[in-house]
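Participant: The structure's right below; bear with me while I get my questions together.
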Amino acid sequence: MKKWLGGFCGICMMACMQEDPEIGSDFFGDVSFEIISWDTLSFELYTVALDSLPTNTGSRVLVGQVDHSDLDSIVAQSYFQFSPSEGYFFDGENIEFVDAYLTLNYDGYFYGDTLSAMNLELFELSEEMVVDDDGLLYKDDSFTTKPNAIGEFTFSPRPFSLDSIEIPIDGTFATNLFEFLNKEQVSEEDFIDAFYGLKICSESSNAILGFHSTPTIKINYLDNFYSPPVERTLTIESSDEHIKFNQITSELAAYLFEDMEEKILNSSDLDHKSYVQSGSGLATRLEFPYLKQLLNTEDAPVIEEVLLELVFENKVPEEVAMLSESLILSKVDRNNNLILNYSAVPELVVDLEFNEERKLVIDIKEFVEDQLLVDTQEANEALLLRFSTDIYQSSVDHLIISDHIGNSSSKIILNELKIK
């Protein structure tokens with residue numbers, strides 16, 4: 001049986017069923033019903049790279065590296081501004097700097113091996129972060145940093161603890177920050193003019209971790225007005241009003257579309273696979289070029305059901321869990337511009353115990369009915385499968401679709417009701 005995806009396929013039909021039901025026969029007289037069931041309808045599967053993927057409105061700090069057997073290297077690093085709370089207070093004559101830490105609170109997200117030690121590094125930005133005219137930063141944006149790290153921390157990740165980690169900050173940087181704030185009351189604008197922000201990254205290739213999007217710097221000092229001195233802490237925050245964004249790079253996305261003006265690849269060029277990948281902006285486009293020819297009749301066909309079954313290669317439970325309630329199906333034009341989002345939620349069918357079945361089942365009846373009403377034979381509209389916006393911006397979730405795995409194949413199942 002030939003492969004379903006990525007190739008030219010003529011008109012084909014199988015598994016036709018005819019049944020003359022007795023129910024309602026008195027009302028319809030000589031009218032009978034025939035249900036035509038198709039499960040060999042072909043479609044074209046593509047991987048596309050979406051250029052305009054903003055990454056500064058996500059809900060988490062994402063940092064780390066992972067080497068994946070199919071996706072190659074995935075790297076996440078995070079940039080953010082920070083400033084002291086309005087109305088902060090120092091008694092300059094009686095205080096003494098002790099130390100400073102950057103605090104990150106786990107938010108429960110992770111990908112990769114959390115049993116191995118991980119190392120995080122902290123760098124000071126050497127240029128101001130500036131958003132585009134639309135107020136956004138995109139996946140390819142970056143900002144330069146000073147060469148030497150101002151903080152480093154090696155630890156064993158505990159993402160499910162919902163606790164926090166503290167990265168000790170270099171004494172020279174922390175002291176300069178402390179003295180700057182101690183001179184006089186500093187506005188947020190003046191502070192950001194002096195300290196552009198920080199970048200968190202990791203050279204460890206074990207895991208990518210998620211933290212809440214509100215990292216804080218805690219400056220500990222002694223208030224010597226009292227005897228003995230009292231230990232106090234000044235908190236410098238990165239709030240929702242500050243600029244922050246995740247830069248997520250994918251080695252796969254980089255070399256797939258290198259020097260390509262039109263960033264779209266047929267599955268036949270990708271070992272009969274297609275990809276959806278957060279952060280890097282990869283999505284799967286599905287086209288149905290022969291649909292109208294197959295269903296071309298004098299009368300408009302009555303579609304009972306149309307299901308799209310996509311088998312996928314995500315294997316371990318962690319990768320399968322990525323797909324639960326986070327995928328969006330959209331109708332797009334020939335340039336992948338959004339026309340509308342469908343409300344249908346892909347159904348996840350998984351048999352991990354025996355490794356026999358892993359597929360997404362999606363109701364595409366509404367799309368098919370719309371396409372049958374289009375006057376032209378040319379397929380200008382298609383379906384686009386991607387993750388939800390927040391998942392796209394602040395995760396490394398991914399989906400690897402294949403034309404077949406074992407005895408399972410990606411296909412369309414269409415039931416057409418004919419009245420005779």
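Lettering and numbering for the structure tokens are positional, with chains as A, B, ... in the shown order, residues counted from 1 in each chain, and ligands counted from 1 in the shown order.
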So which residues of region 193-334 of chain A fall under alpha helix (DSSP H) by DSSP, listed as a PDB file with all heavy atoms, in the first residue's frame?
Facilitator:
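Wrote it out as result-v8.pdb, contents follow:
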ATOM      1  N   ASP A 193      18.480  53.138  32.321  1.00  0.00           N
ATOM      2  CA  ASP A 193      19.517  53.795  31.521  1.00  0.00           C
ATOM      3  C   ASP A 193      20.913  53.379  31.985  1.00  0.00           C
ATOM      4  O   ASP A 193      21.858  53.343  31.188  1.00  0.00           O
ATOM      5  CB  ASP A 193      19.386  55.313  31.618  1.00  0.00           C
ATOM      6  CG  ASP A 193      18.221  55.845  30.795  1.00  0.00           C
ATOM      7  OD1 ASP A 193      17.766  55.110  29.886  1.00  0.00           O
ATOM      8  OD2 ASP A 193      17.767  56.969  31.057  1.00  0.00           O
ATOM      9  N   ALA A 194      21.035  53.062  33.268  1.00  0.00           N
ATOM     10  CA  ALA A 194      22.342  52.678  33.814  1.00  0.00           C
ATOM     11  C   ALA A 194      22.578  51.175  33.762  1.00  0.00           C
ATOM     12  O   ALA A 194      23.711  50.715  33.563  1.00  0.00           O
ATOM     13  CB  ALA A 194      22.474  53.180  35.254  1.00  0.00           C
ATOM     14  N   GLU A 251      18.412  24.078  16.037  1.00  0.00           N
ATOM     15  CA  GLU A 251      19.371  23.740  14.983  1.00  0.00           C
ATOM     16  C   GLU A 251      18.650  23.173  13.769  1.00  0.00           C
ATOM     17  O   GLU A 251      19.019  23.435  12.626  1.00  0.00           O
ATOM     18  CB  GLU A 251      20.386  22.732  15.516  1.00  0.00           C
ATOM     19  CG  GLU A 251      21.541  22.450  14.567  1.00  0.00           C
ATOM     20  CD  GLU A 251      22.575  21.525  15.177  1.00  0.00           C
ATOM     21  OE1 GLU A 251      22.525  21.291  16.400  1.00  0.00           O
ATOM     22  OE2 GLU A 251      23.429  21.021  14.419  1.00  0.00           O
ATOM     23  N   LEU A 252      17.583  22.396  14.011  1.00  0.00           N
ATOM     24  CA  LEU A 252      16.807  21.839  12.912  1.00  0.00           C
ATOM     25  C   LEU A 252      16.214  22.935  12.045  1.00  0.00           C
ATOM     26  O   LEU A 252      16.363  22.926  10.812  1.00  0.00           O
ATOM     27  CB  LEU A 252      15.693  20.947  13.463  1.00  0.00           C
ATOM     28  CG  LEU A 252      14.683  20.430  12.432  1.00  0.00           C
ATOM     29  CD1 LEU A 252      15.319  19.371  11.548  1.00  0.00           C
ATOM     30  CD2 LEU A 252      13.434  19.884  13.105  1.00  0.00           C
ATOM     31  N   ALA A 253      15.527  23.897  12.671  1.00  0.00           N
ATOM     32  CA  ALA A 253      14.903  24.984  11.918  1.00  0.00           C
ATOM     33  C   ALA A 253      15.944  25.802  11.164  1.00  0.00           C
ATOM     34  O   ALA A 253      15.694  26.265  10.046  1.00  0.00           O
ATOM     35  CB  ALA A 253      14.109  25.881  12.862  1.00  0.00           C
ATOM     36  N   ALA A 254      17.116  25.976  11.767  1.00  0.00           N
ATOM     37  CA  ALA A 254      18.156  26.790  11.143  1.00  0.00           C
ATOM     38  C   ALA A 254      18.653  26.165   9.851  1.00  0.00           C
ATOM     39  O   ALA A 254      18.771  26.843   8.815  1.00  0.00           O
ATOM     40  CB  ALA A 254      19.315  26.991  12.119  1.00  0.00           C
ATOM     41  N   TYR A 255      18.952  24.872   9.862  1.00  0.00           N
ATOM     42  CA  TYR A 255      19.528  24.299   8.647  1.00  0.00           C
ATOM     43  C   TYR A 255      18.473  23.850   7.635  1.00  0.00           C
ATOM     44  O   TYR A 255      18.752  23.768   6.439  1.00  0.00           O
ATOM     45  CB  TYR A 255      20.498  23.169   8.967  1.00  0.00           C
ATOM     46  CG  TYR A 255      19.922  21.834   9.371  1.00  0.00           C
ATOM     47  CD1 TYR A 255      19.265  21.016   8.453  1.00  0.00           C
ATOM     48  CD2 TYR A 255      20.079  21.358  10.665  1.00  0.00           C
ATOM     49  CE1 TYR A 255      18.750  19.789   8.821  1.00  0.00           C
ATOM     50  CE2 TYR A 255      19.570  20.122  11.040  1.00  0.00           C
ATOM     51  CZ  TYR A 255      18.913  19.351  10.111  1.00  0.00           C
ATOM     52  OH  TYR A 255      18.417  18.140  10.486  1.00  0.00           O
ATOM     53  N   LEU A 256      17.255  23.582   8.085  1.00  0.00           N
ATOM     54  CA  LEU A 256      16.208  23.212   7.132  1.00  0.00           C
ATOM     55  C   LEU A 256      15.933  24.337   6.145  1.00  0.00           C
ATOM     56  O   LEU A 256      15.748  24.097   4.944  1.00  0.00           O
ATOM     57  CB  LEU A 256      14.917  22.861   7.871  1.00  0.00           C
ATOM     58  CG  LEU A 256      14.785  21.474   8.507  1.00  0.00           C
ATOM     59  CD1 LEU A 256      13.394  21.287   9.081  1.00  0.00           C
ATOM     60  CD2 LEU A 256      15.109  20.373   7.523  1.00  0.00           C
ATOM     61  N   LEU A 291      -9.446  17.101  -3.337  1.00  0.00           N
ATOM     62  CA  LEU A 291     -10.682  16.907  -2.595  1.00  0.00           C
ATOM     63  C   LEU A 291     -11.912  17.174  -3.453  1.00  0.00           C
ATOM     64  O   LEU A 291     -12.848  16.372  -3.513  1.00  0.00           O
ATOM     65  CB  LEU A 291     -10.687  17.817  -1.368  1.00  0.00           C
ATOM     66  CG  LEU A 291     -11.824  17.634  -0.374  1.00  0.00           C
ATOM     67  CD1 LEU A 291     -11.788  16.233   0.219  1.00  0.00           C
ATOM     68  CD2 LEU A 291     -11.741  18.679   0.723  1.00  0.00           C
ATOM     69  N   LYS A 292     -11.921  18.295  -4.185  1.00  0.00           N
ATOM     70  CA  LYS A 292     -13.092  18.653  -4.977  1.00  0.00           C
ATOM     71  C   LYS A 292     -13.293  17.695  -6.143  1.00  0.00           C
ATOM     72  O   LYS A 292     -14.419  17.405  -6.538  1.00  0.00           O
ATOM     73  CB  LYS A 292     -12.965  20.089  -5.479  1.00  0.00           C
ATOM     74  CG  LYS A 292     -13.012  21.133  -4.377  1.00  0.00           C
ATOM     75  CD  LYS A 292     -13.192  22.525  -4.931  1.00  0.00           C
ATOM     76  CE  LYS A 292     -14.559  22.687  -5.550  1.00  0.00           C
ATOM     77  NZ  LYS A 292     -14.836  24.079  -5.956  1.00  0.00           N
ATOM     78  N   GLN A 293     -12.206  17.190  -6.709  1.00  0.00           N
ATOM     79  CA  GLN A 293     -12.327  16.238  -7.812  1.00  0.00           C
ATOM     80  C   GLN A 293     -12.950  14.931  -7.331  1.00  0.00           C
ATOM     81  O   GLN A 293     -13.786  14.326  -8.008  1.00  0.00           O
ATOM     82  CB  GLN A 293     -10.953  15.971  -8.411  1.00  0.00           C
ATOM     83  CG  GLN A 293     -10.296  17.200  -9.022  1.00  0.00           C
ATOM     84  CD  GLN A 293      -8.894  16.906  -9.505  1.00  0.00           C
ATOM     85  OE1 GLN A 293      -8.608  15.820  -9.973  1.00  0.00           O
ATOM     86  NE2 GLN A 293      -8.011  17.890  -9.385  1.00  0.00           N
ATOM     87  N   LEU A 294     -12.564  14.478  -6.168  1.00  0.00           N
ATOM     88  CA  LEU A 294     -13.085  13.225  -5.634  1.00  0.00           C
ATOM     89  C   LEU A 294     -14.571  13.306  -5.319  1.00  0.00           C
ATOM     90  O   LEU A 294     -15.313  12.334  -5.472  1.00  0.00           O
ATOM     91  CB  LEU A 294     -12.311  12.841  -4.373  1.00  0.00           C
ATOM     92  CG  LEU A 294     -10.878  12.361  -4.595  1.00  0.00           C
ATOM     93  CD1 LEU A 294     -10.142  12.285  -3.264  1.00  0.00           C
ATOM     94  CD2 LEU A 294     -10.869  11.002  -5.276  1.00  0.00           C
ATOM     95  N   PRO A 317       6.542   9.474  27.542  1.00  0.00           N
ATOM     96  CA  PRO A 317       5.362  10.155  28.104  1.00  0.00           C
ATOM     97  C   PRO A 317       5.525  11.668  28.190  1.00  0.00           C
ATOM     98  O   PRO A 317       4.560  12.414  27.983  1.00  0.00           O
ATOM     99  CB  PRO A 317       5.226   9.512  29.492  1.00  0.00           C
ATOM    100  CG  PRO A 317       5.802   8.147  29.319  1.00  0.00           C
ATOM    101  CD  PRO A 317       6.952   8.312  28.364  1.00  0.00           C
ATOM    102  N   GLU A 318       6.723  12.138  28.508  1.00  0.00           N
ATOM    103  CA  GLU A 318       6.962  13.579  28.609  1.00  0.00           C
ATOM    104  C   GLU A 318       6.674  14.282  27.289  1.00  0.00           C
ATOM    105  O   GLU A 318       6.092  15.367  27.253  1.00  0.00           O
ATOM    106  CB  GLU A 318       8.422  13.809  29.019  1.00  0.00           C
ATOM    107  CG  GLU A 318       8.814  15.273  29.127  1.00  0.00           C
ATOM    108  CD  GLU A 318      10.294  15.416  29.426  1.00  0.00           C
ATOM    109  OE1 GLU A 318      10.892  14.468  29.971  1.00  0.00           O
ATOM    110  OE2 GLU A 318      10.844  16.477  29.102  1.00  0.00           O
ATOM    111  N   GLU A 319       7.059  13.667  26.160  1.00  0.00           N
ATOM    112  CA  GLU A 319       6.832  14.279  24.854  1.00  0.00           C
ATOM    113  C   GLU A 319       5.378  14.164  24.427  1.00  0.00           C
ATOM    114  O   GLU A 319       4.847  15.043  23.753  1.00  0.00           O
ATOM    115  CB  GLU A 319       7.739  13.643  23.805  1.00  0.00           C
ATOM    116  CG  GLU A 319       9.209  14.004  23.953  1.00  0.00           C
ATOM    117  CD  GLU A 319      10.008  13.635  22.729  1.00  0.00           C
ATOM    118  OE1 GLU A 319       9.554  12.775  21.955  1.00  0.00           O
ATOM    119  OE2 GLU A 319      11.093  14.208  22.547  1.00  0.00           O
ATOM    120  N   VAL A 320       4.735  13.079  24.800  1.00  0.00           N
ATOM    121  CA  VAL A 320       3.318  12.917  24.475  1.00  0.00           C
ATOM    122  C   VAL A 320       2.475  13.923  25.258  1.00  0.00           C
ATOM    123  O   VAL A 320       1.507  14.483  24.744  1.00  0.00           O
ATOM    124  CB  VAL A 320       2.859  11.478  24.770  1.00  0.00           C
ATOM    125  CG1 VAL A 320       1.343  11.347  24.609  1.00  0.00           C
ATOM    126  CG2 VAL A 320       3.571  10.498  23.838  1.00  0.00           C
ATOM    127  N   ALA A 321       2.857  14.174  26.516  1.00  0.00           N
ATOM    128  CA  ALA A 321       2.108  15.110  27.360  1.00  0.00           C
ATOM    129  C   ALA A 321       2.103  16.513  26.776  1.00  0.00           C
ATOM    130  O   ALA A 321       1.207  17.319  27.067  1.00  0.00           O
ATOM    131  CB  ALA A 321       2.690  15.123  28.775  1.00  0.00           C
TER     132      ALA A 321
END
Participant: A:Gln77, A:Ser238, A:Ser410, A:Asn337: which is nearest Cys201 (chain A), counting only C-alpha atoms?
Facilitator: A:Gln77
Participant: Fewer than 3 positions away in the same chain doesn't count, so skip those; otherwise give me all residues within 12 Å of region 126-134 of chain A, counting only C-alpha atoms, as JSON, numbers by chain.
Facilitator: {"A": [52, 54, 55, 56, 57, 79, 80, 81, 82, 123, 137, 138, 141, 142, 143, 144, 145, 146, 147, 148, 189, 191, 192, 193, 194, 195, 196, 197, 198, 199, 242, 243, 244, 245]}
Participant: Might you pull out every residue within 12 Å of Glu262 (chain A), with only C-alpha atoms counted and same-chain residues fewer than 5 positions away left off, and present them as a list in words?
Facilitator: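 The contact residues come out as Thr47, Val48, Ala49, Leu50, Asp51, Leu256, Phe257, Arg334, Asn335 and Asn336 of chain A.
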Participant: With all heavy atoms retained, write the just-selected residues as an mmCIF file, in the first residue's frame.
Facilitator:
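As a result, selection-v6.cif now contains:
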data_model
loop_
_atom_site.group_PDB
_atom_site.id
_atom_site.type_symbol
_atom_site.label_atom_id
_atom_site.label_comp_id
_atom_site.auth_asym_id
_atom_site.auth_seq_id
_atom_site.Cartn_x
_atom_site.Cartn_y
_atom_site.Cartn_z
ATOM 1 N N THR A 47 6.218 21.252 6.203
ATOM 2 C CA THR A 47 6.728 21.979 7.367
ATOM 3 C C THR A 47 7.002 23.407 6.918
ATOM 4 O O THR A 47 7.669 23.635 5.904
ATOM 5 C CB THR A 47 8.028 21.352 7.896
ATOM 6 O OG1 THR A 47 7.766 20.018 8.324
ATOM 7 C CG2 THR A 47 8.563 22.146 9.083
ATOM 8 N N VAL A 48 6.477 24.376 7.672
ATOM 9 C CA VAL A 48 6.681 25.782 7.343
ATOM 10 C C VAL A 48 7.305 26.486 8.539
ATOM 11 O O VAL A 48 7.127 26.073 9.686
ATOM 12 C CB VAL A 48 5.357 26.475 6.952
ATOM 13 C CG1 VAL A 48 4.751 25.820 5.723
ATOM 14 C CG2 VAL A 48 4.367 26.447 8.094
ATOM 15 N N ALA A 49 8.060 27.534 8.261
ATOM 16 C CA ALA A 49 8.664 28.359 9.307
ATOM 17 C C ALA A 49 7.929 29.689 9.349
ATOM 18 O O ALA A 49 7.936 30.441 8.363
ATOM 19 C CB ALA A 49 10.155 28.573 9.044
ATOM 20 N N LEU A 50 7.280 29.977 10.476
ATOM 21 C CA LEU A 50 6.558 31.231 10.643
ATOM 22 C C LEU A 50 7.519 32.311 11.097
ATOM 23 O O LEU A 50 8.175 32.178 12.121
ATOM 24 C CB LEU A 50 5.424 31.053 11.661
ATOM 25 C CG LEU A 50 4.440 29.909 11.367
ATOM 26 C CD1 LEU A 50 3.416 29.795 12.493
ATOM 27 C CD2 LEU A 50 3.752 30.114 10.034
ATOM 28 N N ASP A 51 7.621 33.381 10.305
ATOM 29 C CA ASP A 51 8.606 34.427 10.597
ATOM 30 C C ASP A 51 8.207 35.287 11.791
ATOM 31 O O ASP A 51 9.019 35.603 12.645
ATOM 32 C CB ASP A 51 8.803 35.319 9.363
ATOM 33 C CG ASP A 51 9.503 34.573 8.240
ATOM 34 O OD1 ASP A 51 10.344 33.706 8.550
ATOM 35 O OD2 ASP A 51 9.191 34.843 7.077
ATOM 36 N N LEU A 256 17.255 23.582 8.085
ATOM 37 C CA LEU A 256 16.208 23.212 7.132
ATOM 38 C C LEU A 256 15.933 24.337 6.145
ATOM 39 O O LEU A 256 15.748 24.097 4.944
ATOM 40 C CB LEU A 256 14.917 22.861 7.871
ATOM 41 C CG LEU A 256 14.785 21.474 8.507
ATOM 42 C CD1 LEU A 256 13.394 21.287 9.081
ATOM 43 C CD2 LEU A 256 15.109 20.373 7.523
ATOM 44 N N PHE A 257 15.875 25.554 6.653
ATOM 45 C CA PHE A 257 15.452 26.678 5.819
ATOM 46 C C PHE A 257 16.585 27.665 5.538
ATOM 47 O O PHE A 257 16.338 28.820 5.195
ATOM 48 C CB PHE A 257 14.273 27.394 6.484
ATOM 49 C CG PHE A 257 13.087 26.503 6.673
ATOM 50 C CD1 PHE A 257 12.794 25.960 7.916
ATOM 51 C CD2 PHE A 257 12.262 26.187 5.612
ATOM 52 C CE1 PHE A 257 11.706 25.134 8.095
ATOM 53 C CE2 PHE A 257 11.165 25.360 5.778
ATOM 54 C CZ PHE A 257 10.883 24.829 7.019
ATOM 55 N N ARG A 334 -2.627 30.945 1.083
ATOM 56 C CA ARG A 334 -1.445 30.344 0.468
ATOM 57 C C ARG A 334 -0.142 30.831 1.105
ATOM 58 O O ARG A 334 0.894 30.155 1.016
ATOM 59 C CB ARG A 334 -1.415 30.633 -1.026
ATOM 60 C CG ARG A 334 -1.351 32.112 -1.379
ATOM 61 C CD ARG A 334 -1.036 32.346 -2.856
ATOM 62 N NE ARG A 334 -1.998 31.730 -3.742
ATOM 63 C CZ ARG A 334 -1.715 30.688 -4.530
ATOM 64 N NH1 ARG A 334 -0.513 30.139 -4.493
ATOM 65 N NH2 ARG A 334 -2.629 30.204 -5.328
ATOM 66 N N ASN A 335 -0.176 31.999 1.790
ATOM 67 C CA ASN A 335 1.016 32.538 2.465
ATOM 68 C C ASN A 335 1.009 32.256 3.964
ATOM 69 O O ASN A 335 1.766 32.867 4.717
ATOM 70 C CB ASN A 335 1.112 34.042 2.218
ATOM 71 C CG ASN A 335 1.290 34.378 0.755
ATOM 72 O OD1 ASN A 335 2.076 33.752 0.056
ATOM 73 N ND2 ASN A 335 0.538 35.376 0.276
ATOM 74 N N ASN A 336 0.149 31.375 4.402
ATOM 75 C CA ASN A 336 0.006 30.985 5.809
ATOM 76 C C ASN A 336 -0.477 32.116 6.701
ATOM 77 O O ASN A 336 -0.241 32.101 7.919
ATOM 78 C CB ASN A 336 1.330 30.414 6.349
ATOM 79 C CG ASN A 336 1.714 29.121 5.663
ATOM 80 O OD1 ASN A 336 0.894 28.222 5.506
ATOM 81 N ND2 ASN A 336 2.962 29.032 5.231
#
Participant: Using only C-alpha atoms, which protein or nucleic acid residues come within 12 Å of Ile339 (chain A)? Drop anything in the same chain fewer than 6 positions from it, and give the result as a list in words.
Facilitator: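 Everything that qualifies: Leu329, Ser330, Lys331, Val332, Asp333, Phe367, Asn380, Glu381, Ala382, Leu383 and Leu384 of chain A.
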Participant: Using only C-alpha atoms, which residues of region 140-257 of chain A come within 9 Å of region 274-287 of chain A, and what is the closest atom pair for each, with the distance in Å to one decimal? Give it as a Markdown table, sorted by chain and residue number.
Facilitator:
| residue | atom | partner | partner_atom | distance |
| --- | --- | --- | --- | --- |
| A:Asp140 | CA | A:Ser280 | CA | 8.8 |
| A:Asn246 | CA | A:Gly279 | CA | 8.2 |
| A:Gln247 | CA | A:Gly279 | CA | 7.5 |
| A:Ile248 | CA | A:Gly279 | CA | 5.1 |
| A:Thr249 | CA | A:Ser280 | CA | 5.8 |
| A:Ser250 | CA | A:Ser280 | CA | 5.9 |
| A:Ala253 | CA | A:Ser280 | CA | 6.6 |
| A:Ala254 | CA | A:Ser280 | CA | 8.7 |
Participant: So, with only C-alpha atoms as the atoms that count, which of A:Ile219, A:Ile362, A:Met260, A:Ile169 lies closest to Glu96 (chain A)?
Facilitator: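 Smallest separation from Glu96 (chain A) among the options: A:Ile219.
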